[in-house]
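Data first, discussion second: the structure below is written as structure tokens.
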Amino acid sequence: MREDRSPILELQGITKSFGGVEALRGVDFALHAGEIHGLVGENGAGKSTLMKIIAGVHTEFSGRFLIDGQERHFRSARDAHAAGIAMVHQELSVAPDLTVAENVFLGNQPTNALGLVQWRRMAREAGEQLARLGLDVDPMSRLGDLSIGLQQLIEIARVLFSGARIVILDEPTSALSPPEVERLFTTLRRLREEGTAIVFISHFIEDILRVSDTVTVFRNGRKVAETASAATSKGALIEAMIGRGGEALEHSYSDDLMLPTPSDSPVVLKVDQLSLARSLKDISFEARAGEVLGIYGFMGCGQQELSRILFGKLKPDAGTLAVEGTPKTFASTAAARRAGVALVPESRRDMLFHQEPVYKNISISILDRISSLLLKPAQERDIAKRQVEQLQIRPPVVGLDLGMLSGGNQQKVALAKWLTYPPKLLVLCEPTRGMDVGAKNDVINIVRDLRAKGLAIIVLSTEPETVLSLADRILVLKRGALVREFKNEPVSKDRLLEAA
Amino acid sequence: MASSETALAAGQRARGLAPFLRSQMRNIAPFLTLIFLSGFFALASPSFATLDNLGNILTQVSVTGIIAVGLTFVILCAEIDLSIASIANVTGIAVAYFTLQDSYVNIANIPLPGAVAILLSILLCALLGLVNALGLTVIGIPSFIMTLAMMQIAAGVSALLVRGQIAYKVPSLITTLGSGSIGGIPWLVIVAAIMLLGGHLVLTYTRFGRYVYMVGGNREAAEYSGLNVKLILGAVMVISAVCSGIGGMLGVAHFGSAQQNEFDTYLLDSIAAVVVGGTSLFGGRGGIGNTIVGLFVLGVLNNGLDHVNIDSFLKILIRGLILLAALVINVYAQRLREKAVE
């Protein structure tokens with residue numbers, strides 16, 4: 001029946017590249033009124049890029065863009081908004097210090113003839129709208145006091161009830177509890193009845209299958225499948241996402257990989273019943289010397305928080321850490337470093353000094369080992385040179401400002417700073433994200449070397465390949481809880497995705 | 001690999017002078033300002049460019065210079081200390097309070113031996129700095145607000161100590177350092193020079209100095225490198241307060257009296273000296289060298305305006321405009337450098 005009507009949004013042959021790398025290649029996409037359209041694909045497959053084109057965030061691309069059969073070219077997100085397109089981005093974008101009602105009506109507050117905000121009306125209408133989402137929240141309470149899940153629902157509410165004809169939701173359920181997801185779905189179905197077209201992007205394939213009418217699968221910037229949700233299954237979708245056959249350059253990890261027998265080497269880190277607000281629930285695990293422990297999960301599953309707790313940057317609400325049997329509560333990152341823990345976070349901006357030369361970036365964490373009071377710049381440079389050579393950092397000039405290096409080389413510098421005096425426990429977040437194949441292999445080899453030296457290594461990643469290529473044992477983190485452990489058994493990308 | 005290294009070095013050279021100058025804008029601009037101002041006043045007034053007047057300028061900027069040493073540390077960490085002038089004032093008053101005054105001075109003070117008076121005064125300013133440090137790091141009050149409160153607290157302590165009166169006597173060591181001279185060079189200038197040199201050596205050659213730059217350059221990265229960021233921030237607040245205290249004690253000796261609100265102009269002057277010199281308000285860039293240039297710019301400006309015939313009320317406006325110009329350059333230099341790097 002739907003096929004009879006013409007789509008309200010139609011994209012033809014969309015191609016988009018970022019600095020020479022094609023993110024989308026000749027993608028066709030159509031959206032109908034009264035349809036929930038699910039999008040799935042791995043990180044970097046092109047889903048978000050396509051949606052940002054629709055929402056007017058990316059304005060440079062080639063291909064045809066039609067709304068109601070009319071060719072359009074948005075110059076900004078405002079244009080898209082005026083055309084009735086609204087998007088909830090992956091990252092929460094709310095004003096935590098404003099009230100719930102103000103957030104619901106952000107940029108759109110009801111005013112009287114004098115231009116004054118009608119608070120009572122705004123509160124009442126916000127309350128009504130939130131009630132439709134099944135939320136019983138005081139509209140006048142401060143948004144920042146609510147849980148992240150509620151904040152996310154309120155941001156969604158703002159977009160859903162903005163009167164848009166086309167609503168795009170990018171990973172809307174990552175921070176929601178199951179009942180919250182249920183309420184969201186009920187609302188989405190009701191909006192569908194009212195004729196709104198909804199695009200729903202998610203890593204949670206069960207969610208997609210439950211709520212959407214149609215599913216489109218992306219892989220490597222191409223649309224590889226489009227099918228009615230009722231006519232497919234989780235397995236089939238995962239298969240389409242990963243892609244069978246030898247077309248991928250990289251090892252695809254679609255086949256089973258045998259994990260080794262767990263080692264019985266000494267426990268370096270023991271985590272017991274760790275909890276943090278709504279991010280982490282009762283996390284317990286051990287990391288052993290000479291072992292790489294992989295922790296896999298989708299974006300927002302709590303990996304970031306976990307890594308920050310291990311390095312003393314965040315304090316857990318409950319639970320204990322022990323390093324080599326000694327219980328620790330890290331008062332600062334300095335305390336964690338002294339206890340032999342090192343962290344390489346996922347964001348290079350956060351972990352490096354871009355306006356300082358490479359050698360200062362490498363020596364910063366070990367200055368207290370090489371100098372008591374006075375600096376020894378010559379020694380710093382020697383150490384840096386050795387690391388630059390070993391890790392094949394390009395260009396091999398330790399006096400160059402770090403900002404001049406490419407992303408992959410910066411990532412190596414971030415690793416290098418911990419390697420001269422290796423820690424007991426090395427925590428790596430997304431160690432190969434955004435790297436080309438060569439740099440990825442370099443990092444994999446470095447990590448294997450460190451494992452051979454007897455370090456305990458924890459690799460946290462949202463990319464299954466990263467975990468599969470490095471880990472001896474894999475934990476799966478889902479919405480803040482550990483749901484599965486893979487050890488001494490075959491594992492594959494399918495199985496990981498299935499577990500998460 | 002050797003060839004790739006030479007090729008790269010050649011590439012860097014080939015990138016040329018312009019980007020290098022752009023990245024050094026922060027250091028060049030204040031220096032040009034100084035040369036321009038000196039040249040202007042030398043032409044405008046015959047009495048400006050004399051050795052005597054150079055001595056005047058040096059003496060005039062010395063107290064500011066002593067205070068600015070500590071403030072440079074604070075600003076390098078991308079923090080601010082608004083309590084410097086008040087802490088200088090209270091420390092100067094305290095050292096007089098602990099000294100035997102002439103009988104006509106109507107202050108109920110506690111005379112102590114000179115060394116003890118100096119020690120107690122330094123302890124007092126260090127303590128006030130520690131309060132700043134704790135407020136900033138433990139409680140998490142932004143330094144702007146914390147030191148604004150401290151400005152009032154220190155002024156309040158000053159008021160309670162002197163109760164509107166003026167004290168004149170300070171320990172003889174302070175009198176000598178503040179108003180004496182050796183071989184024609186005022187001790188005050190010598191102390192300022194030593195403290196500036198000391199600050200420079202600490203910032204450039206010690207581990208702590210490196211940490212100050214790194215914390216200012218990227219606080220998140222410093223934390224992810226396992227530095228004790230709070231300890232470093234706390235230390236710079238204490239350093240700033242102690243430098244202010246020393247400046248205050250010598251200032252009191254230099255002026256010949258200790259009274260309320262004596263140092264009020266030093267807050268703006270010290271901040272101006274550091275920032276006009278090119279130390280970045282965003283942290284991580286600059287240093288004592290910049291502060292020295294900034295001190296001279298300010299000193300030449302203040303002194304030069306006295307040598308030319310100019311409406312004394314206009315002087316204030318001119319100072320303000322020059323400060324604004326320096327701040328604009330500061331922000332643009334930061335942007336140019338970021339562009340040069342990225």
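Residues in the structure tokens are numbered from 1 in each chain, the chains being A, B, ... in the order shown, and ligands are numbered from 1 in the order shown.
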**Request:** Would you kindly report the residues of chain B within 7 Å of chain A, using only C-alpha atoms, as a ChimeraX atom specification?
**Result:** /B:205-207,217-218,220-221,223-228,341-342
**Message:** Which residues are near range 99-112 of chain B? Cut-off 8 Å, only C-alpha atoms, ignore same chain within fewer than 5 positions. Put them as a ChimeraX atom specification.
**Reply:** /B:117,161-163,165-171
Would you please extract all strand (DSSP E) residues from range 142-229 of chain B, as assigned by DSSP on the backbone, and give them as a PDB file with N, CA, C and O atoms, in the first residue's frame?
```
ATOM      1  N   SER B 181      69.766  51.877  48.758  1.00  0.00           N
ATOM      2  CA  SER B 181      70.384  51.506  47.486  1.00  0.00           C
ATOM      3  C   SER B 181      71.839  51.139  47.719  1.00  0.00           C
ATOM      4  O   SER B 181      72.421  51.455  48.758  1.00  0.00           O
ATOM      5  N   ILE B 182      72.424  50.434  46.768  1.00  0.00           N
ATOM      6  CA  ILE B 182      73.823  50.045  46.880  1.00  0.00           C
ATOM      7  C   ILE B 182      74.506  50.404  45.568  1.00  0.00           C
ATOM      8  O   ILE B 182      74.044  50.046  44.490  1.00  0.00           O
ATOM      9  N   ILE B 185      72.390  51.784  42.875  1.00  0.00           N
ATOM     10  CA  ILE B 185      71.255  51.001  42.371  1.00  0.00           C
ATOM     11  C   ILE B 185      70.316  50.696  43.536  1.00  0.00           C
ATOM     12  O   ILE B 185      70.752  50.149  44.557  1.00  0.00           O
ATOM     13  N   PRO B 186      69.038  51.058  43.426  1.00  0.00           N
ATOM     14  CA  PRO B 186      68.101  50.783  44.519  1.00  0.00           C
ATOM     15  C   PRO B 186      68.010  49.279  44.786  1.00  0.00           C
ATOM     16  O   PRO B 186      67.934  48.483  43.850  1.00  0.00           O
TER      17      PRO B 186
END
```
**Request:** Write out as a VMD selection string the residues lying within 12 Å of Thr320 in chain A, counting only C-alpha atoms and excluding same-chain residues fewer than 5 positions away.
**Result:** chain A and resid 269 to 276 282 to 286 309 to 310 315 325 to 330
Could you give me, as a compact mmCIF listing (two decimals) with N, CA, C and O atoms, in the first residue's frame, the residues within 12 Å of Asn445 in chain A, counting only C-alpha atoms and dropping anything in the same chain fewer than 4 positions from it?
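Resulting contents of part_33.txt:
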```txt
# COMPACT_ATOMS: atom_id res chain seq x y z
N GLN A 390 60.94 3.32 17.68
CA GLN A 390 60.30 2.03 17.93
C GLN A 390 58.88 1.99 17.38
O GLN A 390 58.45 0.99 16.82
N LEU A 391 58.15 3.06 17.57
CA LEU A 391 56.75 3.08 17.13
C LEU A 391 56.61 3.60 15.71
O LEU A 391 55.51 3.72 15.20
N GLN A 392 57.74 3.89 15.08
CA GLN A 392 57.75 4.40 13.69
C GLN A 392 56.81 5.59 13.53
O GLN A 392 55.93 5.60 12.66
N LYS A 412 49.88 7.30 18.25
CA LYS A 412 51.07 6.56 18.67
C LYS A 412 51.82 7.33 19.75
O LYS A 412 52.37 6.73 20.68
N PRO A 431 41.77 2.20 20.59
CA PRO A 431 43.17 2.46 20.22
C PRO A 431 43.39 2.59 18.72
O PRO A 431 44.40 3.14 18.31
N THR A 432 42.49 2.10 17.90
CA THR A 432 42.75 2.17 16.45
C THR A 432 41.70 2.98 15.70
O THR A 432 41.64 2.93 14.48
N GLY A 438 47.70 0.46 7.87
CA GLY A 438 49.08 0.34 8.29
C GLY A 438 49.26 0.73 9.74
O GLY A 438 49.86 -0.01 10.54
N ALA A 439 48.70 1.87 10.12
CA ALA A 439 48.83 2.35 11.49
C ALA A 439 48.13 1.39 12.45
O ALA A 439 48.63 1.12 13.54
N LYS A 440 46.98 0.85 12.02
CA LYS A 440 46.27 -0.11 12.86
C LYS A 440 47.16 -1.30 13.17
O LYS A 440 47.28 -1.74 14.31
N ASN A 441 47.81 -1.83 12.12
CA ASN A 441 48.68 -2.98 12.34
C ASN A 441 49.82 -2.63 13.26
O ASN A 441 50.21 -3.44 14.11
N ASP A 449 53.37 -6.73 21.76
CA ASP A 449 54.67 -6.66 22.42
C ASP A 449 54.52 -6.41 23.91
O ASP A 449 55.18 -7.03 24.74
N LEU A 450 53.64 -5.47 24.24
CA LEU A 450 53.45 -5.12 25.64
C LEU A 450 52.88 -6.29 26.41
O LEU A 450 53.25 -6.55 27.55
N ARG A 451 51.97 -7.02 25.78
CA ARG A 451 51.42 -8.20 26.44
C ARG A 451 52.54 -9.20 26.72
O ARG A 451 52.62 -9.77 27.80
N ALA A 452 53.42 -9.35 25.74
CA ALA A 452 54.53 -10.29 25.93
C ALA A 452 55.43 -9.86 27.08
O ALA A 452 56.05 -10.69 27.74
N SER A 469 40.74 -8.21 17.18
CA SER A 469 42.12 -8.31 16.72
C SER A 469 43.10 -8.29 17.88
O SER A 469 44.25 -8.65 17.71
N LEU A 470 42.67 -7.85 19.05
CA LEU A 470 43.62 -7.68 20.15
C LEU A 470 43.39 -8.61 21.33
O LEU A 470 44.33 -9.02 21.99
```
**Message:** Run DSSP on the backbone and tell me which residues of range 60-272 of chain B come out as alpha helix (DSSP H); list them as a VMD selection string.
**Reply:** chain B and resid 60 to 76 84 to 97 114 to 134 143 to 162 172 to 179 187 to 205 207 to 217 219 to 224 229 to 255 264 to 272
**Request:** With a distance cut-off of 12 Å and only C-alpha atoms, select the neighbouring residues of Glu194 in chain A, excluding the residue or stretch itself and same-chain residues fewer than 5 positions from it, and output the selection as a PyMOL selection string.
**Result:** chain A and resi 33-36+160-161+163-166+187-189
**Request:** For range 73-83 of chain A, please output as a PyMOL selection string all residues within 6 Å (counting only C-alpha atoms; exclusion window: fewer than 3 positions along the same chain).
**Result:** chain A and resi 55-57+59+86
Store the residues of this selection in a file with N, CA and C atoms, as an mmCIF file, in the first residue's frame.
```cif
data_model
loop_
_atom_site.group_PDB
_atom_site.id
_atom_site.type_symbol
_atom_site.label_atom_id
_atom_site.label_comp_id
_atom_site.auth_asym_id
_atom_site.auth_seq_id
_atom_site.Cartn_x
_atom_site.Cartn_y
_atom_site.Cartn_z
ATOM 1 N N ALA A 55 19.338 16.590 7.261
ATOM 2 C CA ALA A 55 19.017 17.621 8.259
ATOM 3 C C ALA A 55 19.719 18.946 7.971
ATOM 4 N N GLY A 56 20.407 19.029 6.848
ATOM 5 C CA GLY A 56 21.025 20.298 6.467
ATOM 6 C C GLY A 56 22.310 20.606 7.211
ATOM 7 N N VAL A 57 22.900 19.593 7.875
ATOM 8 C CA VAL A 57 24.161 19.830 8.586
ATOM 9 C C VAL A 57 25.317 19.805 7.584
ATOM 10 N N THR A 59 26.173 20.351 3.805
ATOM 11 C CA THR A 59 25.490 20.983 2.680
ATOM 12 C C THR A 59 26.209 20.747 1.359
ATOM 13 N N ALA A 86 13.454 17.542 11.397
ATOM 14 C CA ALA A 86 14.088 17.728 12.701
ATOM 15 C C ALA A 86 14.884 16.486 13.048
#
```
**Prompt:** What gap, in Å, lies between CA of Pro490 in chain A and CA of Arg448 in chain A?
**Reply:**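 Here the two named atoms are 20.0 Å from each other.
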For Asn303 in chain B, please output as a short mmCIF file (atom, residue, chain, number, x, y, z; two decimals) with all heavy atoms, in the first residue's frame all residues within 10 Å (counting only C-alpha atoms; exclusion window: fewer than 5 positions along the same chain).
```
data_model
loop_
_atom_site.label_atom_id
_atom_site.label_comp_id
_atom_site.auth_asym_id
_atom_site.auth_seq_id
_atom_site.Cartn_x
_atom_site.Cartn_y
_atom_site.Cartn_z
N PHE B 41 58.28 58.69 22.96
CA PHE B 41 58.54 59.59 24.10
C PHE B 41 59.91 60.22 24.00
O PHE B 41 60.11 61.37 24.41
CB PHE B 41 58.37 58.85 25.43
CG PHE B 41 56.94 58.55 25.76
CD1 PHE B 41 56.51 57.26 25.96
CD2 PHE B 41 56.00 59.58 25.87
CE1 PHE B 41 55.20 56.99 26.26
CE2 PHE B 41 54.69 59.30 26.16
CZ PHE B 41 54.28 58.01 26.36
N PHE B 48 63.11 62.45 28.58
CA PHE B 48 62.70 61.04 28.73
C PHE B 48 63.87 60.09 28.60
O PHE B 48 64.11 59.26 29.48
CB PHE B 48 61.62 60.69 27.70
CG PHE B 48 61.23 59.25 27.74
CD1 PHE B 48 60.37 58.80 28.72
CD2 PHE B 48 61.75 58.35 26.81
CE1 PHE B 48 60.04 57.45 28.78
CE2 PHE B 48 61.40 57.02 26.87
CZ PHE B 48 60.54 56.57 27.85
N ASN B 53 66.35 58.86 34.07
CA ASN B 53 64.95 58.49 33.91
C ASN B 53 64.79 56.99 33.78
O ASN B 53 63.80 56.42 34.23
CB ASN B 53 64.35 59.22 32.70
CG ASN B 53 62.84 59.15 32.75
OD1 ASN B 53 62.26 59.32 33.82
ND2 ASN B 53 62.23 58.88 31.62
N LEU B 54 65.80 56.32 33.18
CA LEU B 54 65.75 54.87 33.12
C LEU B 54 65.69 54.30 34.54
O LEU B 54 64.92 53.39 34.83
CB LEU B 54 66.97 54.32 32.37
CG LEU B 54 67.05 52.79 32.30
CD1 LEU B 54 65.88 52.23 31.49
CD2 LEU B 54 68.37 52.33 31.70
N ASN B 56 64.52 55.85 37.09
CA ASN B 56 63.16 56.11 37.60
C ASN B 56 62.19 55.01 37.18
O ASN B 56 61.42 54.49 37.97
CB ASN B 56 62.64 57.45 37.06
CG ASN B 56 63.35 58.62 37.71
OD1 ASN B 56 63.90 58.47 38.80
ND2 ASN B 56 63.34 59.76 37.04
N ILE B 57 62.25 54.72 35.86
CA ILE B 57 61.32 53.73 35.33
C ILE B 57 61.52 52.40 36.04
O ILE B 57 60.56 51.75 36.48
CB ILE B 57 61.51 53.56 33.80
CG1 ILE B 57 61.12 54.86 33.08
CG2 ILE B 57 60.69 52.40 33.27
CD1 ILE B 57 61.37 54.85 31.60
N GLN B 60 60.08 52.53 39.41
CA GLN B 60 58.62 52.60 39.38
C GLN B 60 57.97 51.24 39.10
O GLN B 60 56.86 50.97 39.55
CB GLN B 60 58.17 53.62 38.32
CG GLN B 60 58.33 55.06 38.79
CD GLN B 60 58.35 56.05 37.64
OE1 GLN B 60 58.12 55.69 36.49
NE2 GLN B 60 58.66 57.31 37.95
N VAL B 61 58.63 50.39 38.29
CA VAL B 61 57.99 49.11 37.95
C VAL B 61 58.39 47.98 38.91
O VAL B 61 57.88 46.86 38.78
CB VAL B 61 58.29 48.66 36.51
CG1 VAL B 61 57.76 49.67 35.51
CG2 VAL B 61 59.77 48.39 36.30
N VAL B 297 56.75 48.12 29.02
CA VAL B 297 55.74 48.84 28.25
C VAL B 297 54.94 49.73 29.19
O VAL B 297 54.74 50.92 28.96
CB VAL B 297 54.81 47.86 27.51
CG1 VAL B 297 53.60 48.60 26.94
CG2 VAL B 297 55.56 47.15 26.39
N LEU B 298 54.50 49.14 30.30
CA LEU B 298 53.69 49.88 31.25
C LEU B 298 54.48 51.01 31.91
O LEU B 298 53.98 52.13 32.06
CB LEU B 298 53.18 48.92 32.33
CG LEU B 298 51.69 48.94 32.53
CD1 LEU B 298 51.01 48.36 31.31
CD2 LEU B 298 51.32 48.13 33.77
N VAL B 308 55.51 64.26 28.79
CA VAL B 308 54.91 65.08 27.74
C VAL B 308 53.75 65.86 28.33
O VAL B 308 53.15 65.45 29.32
CB VAL B 308 54.43 64.22 26.54
CG1 VAL B 308 55.62 63.57 25.86
CG2 VAL B 308 53.44 63.17 26.98
#
```
**Item:** Distance in Å - CA of Gln70 in chain A versus CA of His37 in chain A
**Value:**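 About the pair CA of Gln70 in chain A and CA of His37 in chain A: they are 21.2 Å apart.
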**Asked** So, counting only C-alpha atoms, which residue among B:Pro46, B:Gly277, B:Pro30, B:Gly184 is closest to Thr291 in chain B?
**Response** B:Gly277
